[in-house]
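*Asks:* Dropping a structure here in structure tokens format, bear with me for questions.
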Protein chains: 2
Amino acid sequence: MTDRYAADDLIAYAEALFTAAGLDADKAAIVAPLMVEADLMGHTTHGLQLVPPYLGALADGSMAGSGRPEALADRGPVVSWDGRRLSGVWLTATAVELAVERARQYGTCTVSIRRAHHIACLAAFLERATRHGMMVQIASSDPSVASVAPFGGTRAVYTPDPIAVGIPTSGDPILVDISASITTNGLTGRLHKEGRRLDHEWVIDAAGNPSTDPAVLFTDPPGTILPVGGIDHGHKGYGLALTVEALTQALAGHGRADPPEGWGAGVFVQVWDPAAFSGVDAFARQTDWLAEACRSNPPRPGVGKVRLPGDGALARKRAALENGVELYPGIVDGLQGWADRLGVAAPTAL
Amino acid sequence: MTDRYAADDLIAYAEALFTAAGLDADKAAIVAPLMVEADLMGHTTHGLQLVPPYLGALADGSMAGSGRPEALADRGPVVSWDGRRLSGVWLTATAVELAVERARQYGTCTVSIRRAHHIACLAAFLERATRHGMMVQIASSDPSVASVAPFGGTRAVYTPDPIAVGIPTSGDPILVDISASITTNGLTGRLHKEGRRLDHEWVIDAAGNPSTDPAVLFTDPPGTILPVGGIDHGHKGYGLALTVEALTQALAGHGRADPPEGWGAGVFVQVWDPAAFSGVDAFARQTDWLAEACRSNPPRPGVGKVRLPGDGALARKRAALENGVELYPGIVDGLQGWADRLGVAAPTAL
């Protein structure tokens with residue numbers, strides 16, 4: 001039986017750890033709930049598990065704890081920032097807030113951020129736009145890391161290149177959170193550490209042979225994660241990855257062509273206000289129809305029920321808010337060392 | 001040995017057919033080269049093969065040959081049109097042109113179109129933005145047709161939902177053209193007609209069993225095309241499809257929630273001007289690096305060379321412009337009946 005914690009206690013804990021480590025209080029107040037939000041949604045590789053490495057980054061200066069992004073350009077519906085290695089979670093939340101405000105005025109808004117630190121769980125930001133009736137798309141890539149090869153190739157060029165989309169309906173929003181590769185650095189790293197295998201041949205070794213063993217990513221030279229579509233139709237994931245690379249680095253004017261600066265992200269945020277197109281009701285009429293057609297779809301053999309992206313995460317979140325958050329094994333212990341060092345009290349299990 | 005034709009002769013032929021069938025001359029002058037462009041790029045299911053059904057649609061009035069779209073909204077960086085069942089190819093080309101112009105002013109621009117007729121080959125439009133140094137994304141869906149089920153389901157809810165992205169570099173642009181399903185209506189229809197099979201299990205029958213036989217799509221009830229990622233990780237293609245549905249129908253305020261109007265499209269065009277972000281040179285520095293890293297990537301066994309999306313299409317186009325266009329079997333015959341009826345002379349093979 002794993003311990004359960006109150007979400008608010010975990011947020012207060014993370015906030016105390018971040019401020020103790022030197023993150024501005026106003027930033028910690030935004031970052032902490034977003035870390036816990038990922039755990040609430042079940043994205044356990046991108047929630048509190050990331051707090052220890054973030055604290056390490058604040059300690060060694062690779063994440064800036066103070067200050068504002070530098071505005072590189074502002075045309076109203078287009079804003080470009082240099083993130084100055086500030087918390088990517090804070091930068092992205094701030095960008096979504098700005099994009100929502102600007103989209104209300106212009107109908108759409110793009111915010112591009114170079115040199116953010118890591119931005120954690122993209123899905124966690126989506127409701128910050130959809131609750132205002134806006135459609136939002138967030139993409140990120142890490143120009144200092146490469147684990148995915150172009151389709152047909154064997155040498156890693158880019159990151160899994162996630163893209164998340166929030167789509168409002170009259171009820172729960174549709175929360176899409178996919179990457180351009182079949183699996184992620186977080187999951188393959190965790191399975192490798194635990195000596196486990198992937199469900200299918202989602203990786204190739206350094207010579208290009210398909211494998212279910214995440215260990216092939218840790219050889220020298222390393223293998224690579226396959227693009228979405230795999231060996232069969234991986235040109236689709238490849239095309240999506242190139243799109244994300246361009247949106248997150250080329251627009252930002254900083255990326256793999258520059259000297260690596262360490263763990264971080266180029267970020268792309270786009271918001272559309274349905275009110276500026278055909279109206280909020282007309283938008284929801286279509287997305288409500290779509291949601292119902294998917295949820296009521298007769299399932300394939302072996303599938304219990306057809307769900308919408310986000311349905312599972314929102315159900316997990318509701319349950320966790322009611323019954324407490326069950327953290328993935330190892331997360332509590334990983335935080336304890338930092339809590340001792342920073343003099344922060346760990347929360348009590350429920 | 002198949003006959004070859006000069007591209008210009010094919011364009012003049014298509015233009016003459018369209019004007020004879022009642023399409024405004026200014027529209028035919030834009031639509032005809034775009035149909036041939038698809039054949040030049042090798043997208044043979046979405047080029048001249050579509051001219052006969054387009055001529056049929058003009059004849060029966062399901063495609064409007066004259067007039068302008070109705071402006072539903074215009075906020076500068078956001079424009080929303082009712083396409084009034086005009087040629088989707090003409091509407092999309094006009095939308096890309098407008099979006100490029102507006103993006104130059106605002107940094108980005110979204111054009112949303114409801115009630116367009118079919119828009120043919122998305123990739124054919126991309127260079128109309130990239131040649132101005134702009135990044136462009138085009139998506140479309142047909143609310144009157146459904147051939148793809150949500151992941152885990154068995155009843156078709158939406159179309160393959162293509163998305164195309166043009167990314168400028170210092171050299172050739174990267175031209176991404178993917179759909180959210182593994183294969184398309186065009187390809188499965190053609191293979192079925194020819195009694196052929198798919199390379200892999202890209203479809204499921206009505207009960208949900210994976211198959212390589214496109215015939216399962218033509219049973220009653222029909223099977224469905226699998227989303228990108230297939231049985232294995234089809235939640236990725238599913239997420240992409242929901243995104244395209246929202247961008248092309250919910251923003252447009254017209255879609256599957258409305259009574260079907262026949263073969264047509266909801267269209268979404270977004271253009272970004274790198275000059276409004278970090279500058280054209282900074283953009284190209286990243287995309288040039290990316291293009292080189294992909295093209296020089298050591299290939300997997302059995303892969304000759306790693307290519308970028310668009311490399312093949314642009315090479316085919318250059319060859320076809322130099323040596324003539326070799327049309328897919330059946331296309332010339334398909335046009336001949338219309339040429340006879342409309343009194344248009346067919347071009348002479350080279």
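Residue names in the structure tokens use chain letters A, B, ... in the order shown, residue numbers from 1 in each chain, and ligand numbers from 1 in the order shown.
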Return as number ranges by chain the residues belonging to chain B that are within 6 Å of chain A, counting only C-alpha atoms.
*Replies:* B: 78, 80, 107, 150, 152-154, 176, 178, 208, 229, 236, 239, 250-253, 257, 274, 277-278, 282-283, 286, 289, 294, 297-300, 306
*Asks:* Considering only C-alpha atoms, return as JSON, numbers by chain whatever protein or nucleic-acid residues lie within 9 Å of B:Gly47, sequence-local ones (same chain, fewer than 3 positions apart) excluded.
*Replies:* {"B": [34, 35, 36, 37, 38, 39, 40, 42, 43, 44, 50, 51, 120, 121]}
*Asks:* Would you save the residues from that selection as an mmCIF file, in the first residue's frame, using all heavy atoms?
*Replies:*
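File out00.cif, as written:
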data_model
loop_
_atom_site.group_PDB
_atom_site.id
_atom_site.type_symbol
_atom_site.label_atom_id
_atom_site.label_comp_id
_atom_site.auth_asym_id
_atom_site.auth_seq_id
_atom_site.Cartn_x
_atom_site.Cartn_y
_atom_site.Cartn_z
ATOM 1 N N LEU B 34 -2.460 24.207 -59.815
ATOM 2 C CA LEU B 34 -2.358 23.486 -58.544
ATOM 3 C C LEU B 34 -2.707 22.010 -58.701
ATOM 4 O O LEU B 34 -2.160 21.150 -57.995
ATOM 5 C CB LEU B 34 -3.246 24.154 -57.486
ATOM 6 C CG LEU B 34 -2.622 25.416 -56.879
ATOM 7 C CD1 LEU B 34 -3.672 26.301 -56.197
ATOM 8 C CD2 LEU B 34 -1.515 25.044 -55.893
ATOM 9 N N MET B 35 -3.619 21.687 -59.632
ATOM 10 C CA MET B 35 -3.927 20.274 -59.884
ATOM 11 C C MET B 35 -2.700 19.587 -60.491
ATOM 12 O O MET B 35 -2.320 18.482 -60.084
ATOM 13 C CB MET B 35 -5.108 20.126 -60.854
ATOM 14 C CG MET B 35 -6.399 20.842 -60.459
ATOM 15 S SD MET B 35 -6.945 20.607 -58.758
ATOM 16 C CE MET B 35 -7.397 18.877 -58.778
ATOM 17 N N VAL B 36 -2.083 20.253 -61.456
ATOM 18 C CA VAL B 36 -0.902 19.668 -62.110
ATOM 19 C C VAL B 36 0.275 19.618 -61.135
ATOM 20 O O VAL B 36 1.072 18.672 -61.155
ATOM 21 C CB VAL B 36 -0.554 20.453 -63.394
ATOM 22 C CG1 VAL B 36 0.735 19.929 -64.018
ATOM 23 C CG2 VAL B 36 -1.713 20.358 -64.394
ATOM 24 N N GLU B 37 0.368 20.623 -60.264
ATOM 25 C CA GLU B 37 1.437 20.643 -59.258
ATOM 26 C C GLU B 37 1.443 19.345 -58.439
ATOM 27 O O GLU B 37 2.503 18.786 -58.155
ATOM 28 C CB GLU B 37 1.232 21.858 -58.329
ATOM 29 C CG GLU B 37 2.273 22.023 -57.232
ATOM 30 C CD GLU B 37 3.565 22.666 -57.711
ATOM 31 O OE1 GLU B 37 3.654 23.039 -58.910
ATOM 32 O OE2 GLU B 37 4.495 22.787 -56.884
ATOM 33 N N ALA B 38 0.261 18.864 -58.074
ATOM 34 C CA ALA B 38 0.181 17.621 -57.300
ATOM 35 C C ALA B 38 0.771 16.453 -58.089
ATOM 36 O O ALA B 38 1.519 15.633 -57.551
ATOM 37 C CB ALA B 38 -1.262 17.333 -56.911
ATOM 38 N N ASP B 39 0.455 16.390 -59.392
ATOM 39 C CA ASP B 39 1.035 15.319 -60.219
ATOM 40 C C ASP B 39 2.550 15.487 -60.350
ATOM 41 O O ASP B 39 3.290 14.504 -60.311
ATOM 42 C CB ASP B 39 0.374 15.312 -61.602
ATOM 43 C CG ASP B 39 -1.035 14.733 -61.551
ATOM 44 O OD1 ASP B 39 -1.180 13.578 -61.111
ATOM 45 O OD2 ASP B 39 -1.984 15.446 -61.928
ATOM 46 N N LEU B 40 2.988 16.724 -60.493
ATOM 47 C CA LEU B 40 4.433 16.969 -60.597
ATOM 48 C C LEU B 40 5.145 16.448 -59.350
ATOM 49 O O LEU B 40 6.227 15.880 -59.417
ATOM 50 C CB LEU B 40 4.720 18.472 -60.733
ATOM 51 C CG LEU B 40 4.262 19.165 -62.019
ATOM 52 C CD1 LEU B 40 4.515 20.678 -61.925
ATOM 53 C CD2 LEU B 40 5.000 18.593 -63.224
ATOM 54 N N GLY B 42 4.168 14.055 -57.478
ATOM 55 C CA GLY B 42 3.977 12.619 -57.302
ATOM 56 C C GLY B 42 2.762 12.262 -56.462
ATOM 57 O O GLY B 42 2.546 11.095 -56.156
ATOM 58 N N HIS B 43 1.962 13.265 -56.068
ATOM 59 C CA HIS B 43 0.737 12.988 -55.315
ATOM 60 C C HIS B 43 -0.392 12.713 -56.303
ATOM 61 O O HIS B 43 -1.323 13.505 -56.460
ATOM 62 C CB HIS B 43 0.392 14.169 -54.406
ATOM 63 C CG HIS B 43 1.462 14.501 -53.406
ATOM 64 N ND1 HIS B 43 1.861 13.618 -52.432
ATOM 65 C CD2 HIS B 43 2.228 15.595 -53.245
ATOM 66 C CE1 HIS B 43 2.823 14.169 -51.695
ATOM 67 N NE2 HIS B 43 3.062 15.367 -52.164
ATOM 68 N N THR B 44 -0.288 11.551 -56.975
ATOM 69 C CA THR B 44 -1.120 11.309 -58.155
ATOM 70 C C THR B 44 -2.590 11.052 -57.842
ATOM 71 O O THR B 44 -3.419 11.107 -58.741
ATOM 72 C CB THR B 44 -0.564 10.115 -58.970
ATOM 73 O OG1 THR B 44 -0.598 8.949 -58.130
ATOM 74 C CG2 THR B 44 0.859 10.383 -59.406
ATOM 75 N N LEU B 50 -8.469 14.221 -59.911
ATOM 76 C CA LEU B 50 -9.639 14.852 -59.293
ATOM 77 C C LEU B 50 -10.395 15.774 -60.247
ATOM 78 O O LEU B 50 -11.489 16.247 -59.918
ATOM 79 C CB LEU B 50 -9.212 15.645 -58.052
ATOM 80 C CG LEU B 50 -8.754 14.802 -56.854
ATOM 81 C CD1 LEU B 50 -8.129 15.696 -55.788
ATOM 82 C CD2 LEU B 50 -9.942 14.028 -56.278
ATOM 83 N N VAL B 51 -9.821 16.050 -61.405
ATOM 84 C CA VAL B 51 -10.489 16.996 -62.312
ATOM 85 C C VAL B 51 -11.856 16.475 -62.772
ATOM 86 O O VAL B 51 -12.837 17.229 -62.712
ATOM 87 C CB VAL B 51 -9.564 17.378 -63.494
ATOM 88 C CG1 VAL B 51 -10.318 18.198 -64.531
ATOM 89 C CG2 VAL B 51 -8.360 18.172 -62.975
ATOM 90 N N ALA B 120 -8.155 19.255 -52.595
ATOM 91 C CA ALA B 120 -7.122 18.493 -53.315
ATOM 92 C C ALA B 120 -5.854 18.311 -52.490
ATOM 93 O O ALA B 120 -5.924 17.880 -51.342
ATOM 94 C CB ALA B 120 -6.837 19.108 -54.668
ATOM 95 N N CYS B 121 -4.689 18.672 -53.032
ATOM 96 C CA CYS B 121 -3.395 18.306 -52.459
ATOM 97 C C CYS B 121 -2.837 19.435 -51.602
ATOM 98 O O CYS B 121 -2.408 20.471 -52.111
ATOM 99 C CB CYS B 121 -2.426 17.987 -53.597
ATOM 100 S SG CYS B 121 -0.754 17.658 -53.040
#
*Asks:* Could you tell me how far atom CA of A:Leu321 lies from atom CA of A:Glu15, in Å and to one decimal?
*Replies:*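 Distance between the two atoms: 18.1 Å.
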*Asks:* Just want the 7 Å neighbourhood of stretch 17-29 of chain B, counted on only C-alpha atoms, with same-chain residues fewer than 2 positions away dropped. Output as a PyMOL selection string.
*Replies:* chain B and resi 13-15+31-32+55+58-59+65-66+90+339+342+344
*Asks:* Just the strand (DSSP E or B) stuff from stretch 112-223 of chain A, please, per backbone DSSP, written as a PyMOL selection string.
*Replies:* chain A and resi 112-116+135-141+148+153+158+162-167+174-179+181+203-204+210-211
*Asks:* Smallest atom-to-atom distance to B:Val269: which of B:Arg102, B:Arg341, B:His117, B:Arg316, using only C-alpha atoms?
*Replies:* B:Arg102
*Asks:* Report, in Å to a single decimal, how far apart atom CA of B:Arg128 and atom CA of B:Pro69 are.
*Replies:*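 Separation between atom CA of B:Pro69 and atom CA of B:Arg128: 20.0 Å.
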*Asks:* Step one, run DSSP on the backbone; step two, keep only residues of stretch 19-91 of chain A assigned to helix (DSSP H, G or I); then write them as a ChimeraX atom specification.
*Replies:* /A:19-20,25-41,48-60,88-91
